[in-house]
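The data block below is target_20.cif; it holds mmCIF, C-alpha atoms.
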```cif
data_upload
loop_
_atom_site.label_atom_id
_atom_site.label_comp_id
_atom_site.auth_asym_id
_atom_site.auth_seq_id
_atom_site.Cartn_x
_atom_site.Cartn_y
_atom_site.Cartn_z
CA MET Z 474 54.62 45.05 -20.35
CA LEU Z 475 54.74 42.81 -17.27
CA PHE Z 476 52.28 40.34 -18.77
CA ARG Z 477 54.35 40.14 -21.93
CA GLN Z 478 57.53 39.51 -19.94
CA LEU Z 479 55.81 36.75 -17.99
CA GLU Z 480 54.50 35.19 -21.21
CA TYR Z 481 58.02 35.12 -22.61
CA LEU Z 482 59.43 33.54 -19.45
CA VAL Z 483 56.73 30.85 -19.40
CA ALA Z 484 57.33 30.12 -23.09
CA LEU Z 485 61.06 29.78 -22.47
CA ALA Z 486 60.45 27.38 -19.58
CA ARG Z 487 58.14 25.32 -21.77
CA GLU Z 488 60.24 25.27 -24.94
CA ARG Z 489 63.65 25.16 -23.19
CA HIS Z 490 65.13 27.00 -26.15
CA PHE Z 491 65.32 30.74 -26.85
CA ALA Z 492 64.60 30.51 -30.58
CA ARG Z 493 61.63 28.16 -30.17
CA ALA Z 494 60.22 30.30 -27.34
CA ALA Z 495 60.51 33.41 -29.50
CA GLN Z 496 58.79 31.65 -32.39
CA ALA Z 497 55.96 30.53 -30.09
CA CYS Z 498 55.50 34.13 -28.92
CA HIS Z 499 55.75 35.52 -32.49
CA VAL Z 500 58.68 37.81 -31.64
CA SER Z 501 62.36 37.90 -32.49
CA GLN Z 502 64.80 36.08 -30.25
CA PRO Z 503 66.61 39.32 -29.26
CA ALA Z 504 63.27 40.89 -28.27
CA LEU Z 505 62.39 37.90 -26.07
CA SER Z 506 65.84 37.81 -24.46
CA GLU Z 507 65.79 41.54 -23.74
CA ALA Z 508 62.32 41.39 -22.20
CA ILE Z 509 63.40 38.60 -19.85
CA ARG Z 510 66.57 40.55 -18.92
CA LYS Z 511 64.44 43.55 -18.02
CA LEU Z 512 62.22 41.33 -15.88
CA GLU Z 513 65.31 40.08 -14.07
CA GLU Z 514 66.40 43.67 -13.46
CA GLU Z 515 62.96 44.63 -12.12
CA LEU Z 516 62.85 41.64 -9.77
CA GLY Z 517 66.50 41.90 -8.79
CA VAL Z 518 67.26 38.20 -9.27
CA PRO Z 519 68.57 36.08 -12.17
CA LEU Z 520 65.83 33.89 -13.66
CA VAL Z 521 67.69 32.10 -16.45
CA ARG Z 522 70.99 30.24 -16.40
CA ARG Z 523 72.77 31.40 -19.52
CA GLY Z 524 75.66 29.91 -21.40
CA ARG Z 525 76.25 29.45 -25.09
CA SER Z 526 72.70 28.11 -25.10
CA TYR Z 527 69.75 27.82 -22.72
CA GLN Z 528 70.89 26.08 -19.53
CA GLY Z 529 67.60 26.09 -17.62
CA LEU Z 530 66.03 28.33 -14.99
CA THR Z 531 67.54 29.36 -11.71
CA PRO Z 532 65.74 28.32 -8.48
CA GLU Z 533 64.24 31.83 -8.41
CA GLY Z 534 63.20 31.42 -12.03
CA GLU Z 535 61.45 28.13 -11.30
CA ARG Z 536 59.37 29.76 -8.56
CA ILE Z 537 58.56 32.81 -10.67
CA VAL Z 538 57.40 30.62 -13.59
CA VAL Z 539 54.85 28.89 -11.36
CA ARG Z 540 53.45 32.24 -10.27
CA ALA Z 541 53.58 33.56 -13.82
CA GLN Z 542 51.52 30.61 -15.08
CA ARG Z 543 48.86 31.33 -12.48
CA ILE Z 544 48.82 35.07 -13.21
CA LEU Z 545 48.48 34.48 -16.95
CA ALA Z 546 45.79 31.84 -16.42
CA ASP Z 547 43.80 34.23 -14.23
CA ARG Z 548 44.09 36.97 -16.83
CA HIS Z 549 42.97 34.55 -19.55
CA ALA Z 550 40.03 33.38 -17.41
CA LEU Z 551 39.01 36.99 -16.74
CA THR Z 552 39.12 37.80 -20.45
CA GLU Z 553 37.02 34.72 -21.21
CA GLU Z 554 34.46 35.61 -18.57
CA VAL Z 555 34.08 39.21 -19.70
CA GLY Z 556 33.83 38.14 -23.33
CA ALA Z 557 31.21 35.52 -22.49
CA MET Z 558 29.09 38.12 -20.66
CA ARG Z 559 29.26 40.49 -23.61
CA ALA Z 560 28.83 38.26 -26.65
CA GLY Z 561 28.85 34.62 -25.61
CA LEU Z 562 31.84 32.34 -25.19
CA SER Z 563 34.55 32.86 -27.80
CA GLY Z 564 38.22 32.12 -28.29
CA GLN Z 565 40.12 28.84 -28.35
CA LEU Z 566 39.50 25.67 -26.34
CA ARG Z 567 42.65 23.57 -25.88
CA ILE Z 568 42.26 19.83 -25.21
CA GLY Z 569 44.97 17.20 -24.75
CA THR Z 570 44.39 13.43 -24.73
CA VAL Z 571 46.14 10.13 -24.22
CA PRO Z 572 46.18 8.02 -27.43
CA THR Z 573 43.51 5.55 -26.32
CA ALA Z 574 41.05 8.36 -25.50
CA SER Z 575 41.69 10.53 -28.54
CA GLY Z 576 38.97 8.72 -30.49
CA ALA Z 577 36.41 9.86 -27.90
CA VAL Z 578 37.19 13.57 -28.21
CA ALA Z 579 34.62 14.12 -30.96
CA LEU Z 580 31.88 13.15 -28.52
CA LEU Z 581 32.79 16.30 -26.61
CA THR Z 582 33.79 18.72 -29.37
CA GLY Z 583 30.66 18.14 -31.48
CA PRO Z 584 28.06 19.24 -28.90
CA PHE Z 585 30.45 21.80 -27.41
CA CYS Z 586 30.92 23.60 -30.74
CA ALA Z 587 27.18 23.43 -31.43
CA ALA Z 588 26.53 25.17 -28.11
CA HIS Z 589 29.38 27.68 -28.52
CA PRO Z 590 29.71 28.52 -32.24
CA LEU Z 591 32.25 31.31 -31.65
CA VAL Z 592 34.81 28.96 -30.06
CA GLY Z 593 37.53 27.16 -31.99
CA VAL Z 594 39.00 23.91 -30.69
CA GLU Z 595 42.62 22.76 -30.71
CA VAL Z 596 43.14 19.08 -29.89
CA THR Z 597 46.57 17.63 -29.06
CA THR Z 598 46.53 13.83 -29.23
CA ASP Z 599 48.95 11.06 -28.31
CA LEU Z 600 50.14 12.66 -25.07
CA ARG Z 601 51.40 10.55 -22.22
CA ALA Z 602 49.11 10.46 -19.19
CA GLU Z 603 51.58 12.37 -17.02
CA GLU Z 604 52.00 14.98 -19.76
CA VAL Z 605 48.24 15.58 -19.90
CA LEU Z 606 48.22 16.31 -16.16
CA ARG Z 607 51.31 18.51 -16.40
CA GLN Z 608 49.88 20.62 -19.19
CA VAL Z 609 46.58 21.12 -17.36
CA GLN Z 610 48.43 22.08 -14.18
CA ASN Z 611 50.62 24.53 -16.11
CA PHE Z 612 47.61 26.00 -17.96
CA GLU Z 613 49.03 24.98 -21.32
CA ILE Z 614 45.72 23.26 -22.12
CA ASP Z 615 42.23 23.86 -20.72
CA ALA Z 616 41.31 20.20 -20.24
CA GLY Z 617 42.61 16.70 -20.74
CA LEU Z 618 41.19 13.24 -21.40
CA THR Z 619 43.24 10.68 -19.55
CA TYR Z 620 43.28 7.74 -17.17
CA LEU Z 621 41.98 8.54 -13.71
CA SER Z 622 43.71 7.43 -10.53
CA GLU Z 623 43.21 7.89 -6.80
CA ASP Z 624 46.40 9.95 -6.50
CA LEU Z 625 45.22 12.78 -8.77
CA PRO Z 626 46.88 16.03 -7.55
CA ASP Z 627 44.72 18.36 -5.44
CA SER Z 628 45.29 21.08 -8.03
CA LEU Z 629 43.16 19.09 -10.51
CA GLN Z 630 39.59 17.85 -10.58
CA ALA Z 631 38.22 15.02 -12.68
CA LEU Z 632 34.90 14.07 -14.20
CA PRO Z 633 34.67 10.31 -14.95
CA LEU Z 634 33.42 9.69 -18.49
CA TYR Z 635 33.58 5.96 -19.17
CA GLN Z 636 35.35 2.70 -18.39
CA GLU Z 637 37.86 1.70 -21.05
CA ARG Z 638 37.18 -1.89 -22.16
CA TYR Z 639 39.33 -4.04 -24.42
CA VAL Z 640 38.98 -6.25 -27.46
CA LEU Z 641 41.37 -8.41 -29.39
CA LEU Z 642 41.41 -7.04 -32.92
CA THR Z 643 42.42 -9.79 -35.29
CA SER Z 644 41.84 -11.15 -38.79
CA THR Z 645 38.97 -13.45 -39.72
CA THR Z 646 41.39 -16.23 -40.70
CA ASP Z 647 43.28 -16.75 -37.45
CA SER Z 648 43.12 -19.68 -35.02
CA LEU Z 649 40.23 -18.12 -33.06
CA THR Z 650 37.67 -18.52 -35.85
CA GLY Z 651 34.20 -19.19 -34.46
CA GLN Z 652 34.88 -17.75 -31.01
CA ARG Z 653 32.88 -14.81 -29.64
CA THR Z 654 35.46 -13.90 -26.99
CA ALA Z 655 39.18 -14.37 -26.49
CA THR Z 656 41.20 -14.85 -23.33
CA TRP Z 657 44.31 -12.83 -22.56
CA ALA Z 658 46.24 -16.10 -22.73
CA GLU Z 659 45.01 -16.70 -26.29
CA ALA Z 660 45.90 -13.14 -27.22
CA SER Z 661 49.42 -13.57 -25.84
CA ARG Z 662 50.11 -16.41 -28.27
CA LEU Z 663 49.38 -14.30 -31.36
CA PRO Z 664 51.87 -11.98 -33.15
CA LEU Z 665 50.89 -8.81 -31.31
CA CYS Z 666 51.10 -5.15 -32.21
CA LEU Z 667 50.74 -3.07 -29.03
CA LEU Z 668 51.12 0.50 -27.84
CA SER Z 669 54.56 1.66 -26.72
CA PRO Z 670 55.63 0.74 -23.15
CA ALA Z 671 55.95 4.42 -22.13
CA LEU Z 672 52.20 4.97 -22.57
CA GLN Z 673 49.73 4.43 -19.74
CA GLY Z 674 47.45 2.52 -22.10
CA ARG Z 675 50.20 -0.07 -22.60
CA ARG Z 676 51.02 -0.23 -18.89
CA VAL Z 677 47.38 -1.10 -18.19
CA LEU Z 678 47.60 -4.01 -20.65
CA ASP Z 679 50.89 -5.22 -19.19
CA GLU Z 680 49.27 -5.32 -15.74
CA VAL Z 681 46.42 -7.47 -17.04
CA PHE Z 682 48.79 -9.86 -18.82
CA ALA Z 683 50.90 -10.10 -15.65
CA GLU Z 684 47.81 -10.80 -13.55
CA ALA Z 685 47.13 -13.78 -15.81
CA GLY Z 686 50.75 -14.94 -15.46
CA LEU Z 687 51.61 -13.87 -19.00
CA ARG Z 688 54.39 -11.80 -20.52
CA PRO Z 689 53.87 -11.47 -24.27
CA VAL Z 690 56.58 -9.98 -26.46
CA PRO Z 691 54.93 -7.78 -29.13
CA ARG Z 692 56.45 -7.84 -32.59
CA VAL Z 693 55.45 -4.20 -33.25
CA GLU Z 694 55.06 -1.26 -30.83
CA THR Z 695 53.62 2.16 -31.68
CA ASP Z 696 52.27 5.32 -30.04
CA SER Z 697 49.25 5.38 -32.37
CA VAL Z 698 46.02 3.41 -32.03
CA ALA Z 699 45.36 4.06 -35.73
CA ALA Z 700 48.65 2.27 -36.49
CA LEU Z 701 47.39 -0.77 -34.58
CA PHE Z 702 44.39 -0.97 -36.93
CA ALA Z 703 46.66 -0.51 -39.95
CA HIS Z 704 48.89 -3.42 -38.93
CA VAL Z 705 45.98 -5.77 -38.25
CA ARG Z 706 44.56 -4.86 -41.65
CA MET Z 707 47.70 -6.34 -43.26
CA GLY Z 708 46.62 -9.75 -41.95
CA HIS Z 709 49.82 -10.60 -40.08
CA TRP Z 710 49.10 -9.12 -36.68
CA ALA Z 711 46.65 -8.92 -33.81
CA ALA Z 712 46.21 -5.99 -31.44
CA VAL Z 713 44.52 -5.11 -28.17
CA VAL Z 714 42.45 -1.94 -28.62
CA PRO Z 715 39.82 -0.08 -26.57
CA TYR Z 716 36.14 -0.31 -27.45
CA ALA Z 717 36.15 3.48 -27.97
CA TRP Z 718 38.21 3.19 -31.14
CA LEU Z 719 35.75 0.76 -32.67
CA HIS Z 720 33.28 3.65 -32.64
CA VAL Z 721 35.75 5.56 -34.85
CA PHE Z 722 36.73 2.87 -37.38
CA GLY Z 723 34.04 0.27 -36.73
CA VAL Z 724 35.22 -3.31 -37.25
CA PRO Z 725 36.83 -3.12 -40.70
CA GLN Z 726 36.10 -5.79 -43.29
CA GLY Z 727 38.31 -8.81 -42.82
CA MET Z 728 38.73 -8.21 -39.10
CA ARG Z 729 37.01 -9.33 -35.92
CA ALA Z 730 36.85 -7.70 -32.50
CA LEU Z 731 36.67 -10.27 -29.71
CA PRO Z 732 35.99 -9.00 -26.18
CA LEU Z 733 38.88 -10.03 -23.90
CA VAL Z 734 38.02 -12.17 -20.87
CA GLU Z 735 39.76 -14.13 -18.14
CA PRO Z 736 40.22 -11.62 -16.66
CA THR Z 737 37.73 -8.93 -17.67
CA ARG Z 738 39.40 -5.63 -16.95
CA THR Z 739 38.47 -1.95 -17.35
CA ALA Z 740 40.28 1.34 -16.72
CA PRO Z 741 38.57 4.67 -15.92
CA ILE Z 742 38.86 7.52 -18.42
CA GLY Z 743 37.81 11.03 -17.48
CA LEU Z 744 38.00 14.74 -18.18
CA VAL Z 745 40.59 16.56 -16.07
CA VAL Z 746 40.60 20.33 -15.51
CA SER Z 747 42.21 22.72 -13.07
CA ALA Z 748 40.63 22.87 -9.60
CA ARG Z 749 41.51 26.54 -9.14
CA GLU Z 750 38.71 28.99 -8.45
CA PRO Z 751 37.64 31.00 -10.29
CA GLY Z 752 38.34 28.51 -13.01
CA SER Z 753 38.51 28.78 -16.77
CA VAL Z 754 35.16 29.60 -18.34
CA MET Z 755 36.18 27.46 -21.30
CA ALA Z 756 36.96 24.44 -19.10
CA GLY Z 757 33.71 24.94 -17.20
CA ALA Z 758 31.69 24.96 -20.41
CA LEU Z 759 33.41 21.78 -21.63
CA THR Z 760 32.73 20.10 -18.29
CA GLU Z 761 29.02 20.92 -18.62
CA THR Z 762 29.06 19.38 -22.10
CA ALA Z 763 30.81 16.27 -20.80
CA ARG Z 764 28.16 15.79 -18.12
CA SER Z 765 25.42 15.77 -20.74
CA ILE Z 766 26.73 13.41 -23.43
CA GLY Z 767 26.41 9.99 -21.77
CA ALA Z 768 29.79 8.73 -23.02
CA ALA Z 769 29.63 5.54 -20.95
CA ALA Z 770 26.42 4.34 -22.60
CA LEU Z 771 28.09 4.53 -26.02
CA LEU Z 772 31.76 3.72 -25.44
CA GLU Z 773 31.31 0.76 -23.10
CA ARG Z 774 29.43 -1.30 -25.67
CA LEU Z 775 30.76 -3.12 -28.71
CA PRO Z 776 29.55 -1.77 -32.07
CA GLY Z 777 28.54 -4.00 -34.95
CA PRO Z 778 30.65 -4.56 -38.10
CA ALA Z 779 31.46 -1.49 -40.23
#
```
Since I need it in another form, could you write the structure as structure tokens?
Amino acid sequence: MLFRQLEYLVALARERHFARAAQACHVSQPALSEAIRKLEEELGVPLVRRGRSYQGLTPEGERIVVRAQRILADRHALTEEVGAMRAGLSGQLRIGTVPTASGAVALLTGPFCAAHPLVGVEVTTDLRAEEVLRQVQNFEIDAGLTYLSEDLPDSLQALPLYQERYVLLTSTTDSLTGQRTATWAEASRLPLCLLSPALQGRRVLDEVFAEAGLRPVPRVETDSVAALFAHVRMGHWAAVVPYAWLHVFGVPQGMRALPLVEPTRTAPIGLVVSAREPGSVMAGALTETARSIGAAALLERLPGPA
């Protein structure tokens, strides 16, 4: 019963809504509310601020949720480990990615599923970089693909996978015809479609433009790399995209991908998992797969036309 109560409390903290938390836990809202009330009675402290709707957790509730997440993660890891010893790894692997890295996920999931045929994979794409870290820390996902930085929290560990490199994706009829590369200054003068400013992938580009003394104003902004390709396909736009996505779509007919220079810039992408020991068996198995695939050799080069 205690595990169930903790699951309900964690779900409520995540969903910030009683009905959505109940739906996520596959129970009725009254059953979830009653279980949390009983937990409050057992602990002797209020955990939830209640009004006509969910008002958030109390300070005691915030502390209990952190412990609850760890307890549930340890139970899940134990279940995984016992299951793996008995019949091989099984269950569900949960991965979250930033938009620019979501095209690289298949490099991991393909060999991982081949090695562990009893495991299903759930991939959540288009997360912000900070959300990837938060979900790994809160054990909502087993692993994340995101930008790596020197200030990664001690509660997480990272495995570098590749350096994100950039091309100008444009039509074959623009002013850059005949060029094999494009400068950031040349890119800034085109009608650009870029990722949304809230995304780390866009902030990286803004830093490069600023370094070159440029401040382009994109005509279109989106949280989807696929949408960048779609807009360029219409012939009216240009976009800055990572090499990795050219390995998903290739260079579609009627488009060109010009490596961006002056300056040449890269950003590190890696696999992030919890640093807690004993860790998740699922995350450990994915990390072993990631070490073996040689992502850098593939994703740091420019593919030929589709």
Just say which residues the PyMOL selection byres ((chain Z and resi 774) around 12) picks in this file, as a ChimeraX atom specification. /Z:635-640,715-720,730,732,768-773,775-777
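Using only C-alpha atoms, the shortest contact distance between Z:Ala740 and any of Z:Pro691, Z:Pro633, Z:Pro670, Z:Pro664 is found at Z:Pro633.
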When the PyMOL selection byres ((chain Z and resi 603) around 12) is applied to the file above, which residues end up in the set, as a list of chain:residue names?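 Applied to this file, the PyMOL selection byres ((chain Z and resi 603) around 12) returns Z:Gly569, Z:Thr570, Z:Val571, Z:Asp599, Z:Leu600, Z:Arg601, Z:Ala602, Z:Glu604, Z:Val605, Z:Leu606, Z:Arg607, Z:Gln608, Z:Val609, Z:Gln610, Z:Gly617, Z:Leu618, Z:Thr619, Z:Tyr620, Z:Leu621, Z:Ser622, Z:Asp624, Z:Leu625, Z:Pro626, Z:Ala671, Z:Leu672, Z:Gln673, Z:Gly674, Z:Val745.
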Residues from last step as file, C-alpha atoms, as a short mmCIF file (atom, residue, chain, number, x, y, z; two decimals), keeping the file's coordinate frame:
```cif
data_model
loop_
_atom_site.label_atom_id
_atom_site.label_comp_id
_atom_site.auth_asym_id
_atom_site.auth_seq_id
_atom_site.Cartn_x
_atom_site.Cartn_y
_atom_site.Cartn_z
CA GLY Z 569 44.97 17.20 -24.75
CA THR Z 570 44.39 13.43 -24.73
CA VAL Z 571 46.14 10.13 -24.22
CA ASP Z 599 48.95 11.06 -28.31
CA LEU Z 600 50.14 12.66 -25.07
CA ARG Z 601 51.40 10.55 -22.22
CA ALA Z 602 49.11 10.46 -19.19
CA GLU Z 604 52.00 14.98 -19.76
CA VAL Z 605 48.24 15.58 -19.90
CA LEU Z 606 48.22 16.31 -16.16
CA ARG Z 607 51.31 18.51 -16.40
CA GLN Z 608 49.88 20.62 -19.19
CA VAL Z 609 46.58 21.12 -17.36
CA GLN Z 610 48.43 22.08 -14.18
CA GLY Z 617 42.61 16.70 -20.74
CA LEU Z 618 41.19 13.24 -21.40
CA THR Z 619 43.24 10.68 -19.55
CA TYR Z 620 43.28 7.74 -17.17
CA LEU Z 621 41.98 8.54 -13.71
CA SER Z 622 43.71 7.43 -10.53
CA ASP Z 624 46.40 9.95 -6.50
CA LEU Z 625 45.22 12.78 -8.77
CA PRO Z 626 46.88 16.03 -7.55
CA ALA Z 671 55.95 4.42 -22.13
CA LEU Z 672 52.20 4.97 -22.57
CA GLN Z 673 49.73 4.43 -19.74
CA GLY Z 674 47.45 2.52 -22.10
CA VAL Z 745 40.59 16.56 -16.07
#
```
Taking the file as I've supplied it (selection: the PyMOL selection byres ((chain Z and resi 512-518) around 12)), which residues are included? Please answer as a ChimeraX atom specification. /Z:474-482,505-511,519-522,530-538,541
What residues have an atom no more than 8 Å from (34.6, 10.9, -14.6) in the file's own frame, counting only C-alpha atoms, and can you write them as a CSV table (one decimal) with C-alpha atoms, keeping the file's coordinate frame?
```
chain,number,residue,atom,x,y,z
Z,621,LEU,CA,42.0,8.5,-13.7
Z,631,ALA,CA,38.2,15.0,-12.7
Z,632,LEU,CA,34.9,14.1,-14.2
Z,633,PRO,CA,34.7,10.3,-15.0
Z,634,LEU,CA,33.4,9.7,-18.5
Z,635,TYR,CA,33.6,6.0,-19.2
Z,741,PRO,CA,38.6,4.7,-15.9
Z,742,ILE,CA,38.9,7.5,-18.4
Z,743,GLY,CA,37.8,11.0,-17.5
Z,744,LEU,CA,38.0,14.7,-18.2
```
For a cut-off of 8 Å around (50.1, 4.3, -32.2), file coordinates, pick out all residues using only C-alpha atoms and list them as a compact mmCIF listing (two decimals) with C-alpha atoms, keeping the file's coordinate frame.
```
# COMPACT_ATOMS: atom_id res chain seq x y z
CA PRO Z 572 46.18 8.02 -27.43
CA ASP Z 599 48.95 11.06 -28.31
CA LEU Z 668 51.12 0.50 -27.84
CA SER Z 669 54.56 1.66 -26.72
CA GLU Z 694 55.06 -1.26 -30.83
CA THR Z 695 53.62 2.16 -31.68
CA ASP Z 696 52.27 5.32 -30.04
CA SER Z 697 49.25 5.38 -32.37
CA VAL Z 698 46.02 3.41 -32.03
CA ALA Z 699 45.36 4.06 -35.73
CA ALA Z 700 48.65 2.27 -36.49
CA LEU Z 701 47.39 -0.77 -34.58
```
Working from the structure I just supplied, which lacks atoms in stretch 480-491 of chain Z, can you model N, CA and C atoms there and output them as a PDB file, in the frame of the given file?
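Saved result, part09.pdb, follows:
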```pdb
ATOM      1  N   GLU Z 480      54.801  36.113 -20.115  1.00  0.00           N
ATOM      2  CA  GLU Z 480      54.500  35.190 -21.210  1.00  0.00           C
ATOM      3  C   GLU Z 480      55.788  34.659 -21.828  1.00  0.00           C
ATOM      4  N   TYR Z 481      56.748  35.538 -22.017  1.00  0.00           N
ATOM      5  CA  TYR Z 481      58.020  35.120 -22.610  1.00  0.00           C
ATOM      6  C   TYR Z 481      58.749  34.143 -21.695  1.00  0.00           C
ATOM      7  N   LEU Z 482      58.746  34.422 -20.398  1.00  0.00           N
ATOM      8  CA  LEU Z 482      59.430  33.540 -19.450  1.00  0.00           C
ATOM      9  C   LEU Z 482      58.763  32.163 -19.419  1.00  0.00           C
ATOM     10  N   VAL Z 483      57.450  32.127 -19.397  1.00  0.00           N
ATOM     11  CA  VAL Z 483      56.730  30.850 -19.400  1.00  0.00           C
ATOM     12  C   VAL Z 483      57.006  30.084 -20.684  1.00  0.00           C
ATOM     13  N   ALA Z 484      57.033  30.780 -21.807  1.00  0.00           N
ATOM     14  CA  ALA Z 484      57.330  30.120 -23.090  1.00  0.00           C
ATOM     15  C   ALA Z 484      58.743  29.546 -23.090  1.00  0.00           C
ATOM     16  N   LEU Z 485      59.682  30.265 -22.527  1.00  0.00           N
ATOM     17  CA  LEU Z 485      61.060  29.780 -22.470  1.00  0.00           C
ATOM     18  C   LEU Z 485      61.150  28.531 -21.586  1.00  0.00           C
ATOM     19  N   ALA Z 486      60.447  28.545 -20.460  1.00  0.00           N
ATOM     20  CA  ALA Z 486      60.450  27.380 -19.580  1.00  0.00           C
ATOM     21  C   ALA Z 486      59.835  26.167 -20.268  1.00  0.00           C
ATOM     22  N   ARG Z 487      58.812  26.408 -21.079  1.00  0.00           N
ATOM     23  CA  ARG Z 487      58.140  25.320 -21.770  1.00  0.00           C
ATOM     24  C   ARG Z 487      58.970  24.787 -22.933  1.00  0.00           C
ATOM     25  N   GLU Z 488      59.523  25.671 -23.733  1.00  0.00           N
ATOM     26  CA  GLU Z 488      60.240  25.270 -24.940  1.00  0.00           C
ATOM     27  C   GLU Z 488      61.691  24.886 -24.670  1.00  0.00           C
ATOM     28  N   ARG Z 489      62.258  25.423 -23.577  1.00  0.00           N
ATOM     29  CA  ARG Z 489      63.650  25.160 -23.190  1.00  0.00           C
ATOM     30  C   ARG Z 489      64.632  25.512 -24.314  1.00  0.00           C
ATOM     31  N   HIS Z 490      64.289  26.565 -25.025  1.00  0.00           N
ATOM     32  CA  HIS Z 490      65.130  27.000 -26.150  1.00  0.00           C
ATOM     33  C   HIS Z 490      64.705  28.408 -26.524  1.00  0.00           C
ATOM     34  N   PHE Z 491      65.658  29.338 -26.600  1.00  0.00           N
ATOM     35  CA  PHE Z 491      65.320  30.740 -26.850  1.00  0.00           C
ATOM     36  C   PHE Z 491      64.639  30.927 -28.194  1.00  0.00           C
TER      37      PHE Z 491
END
```
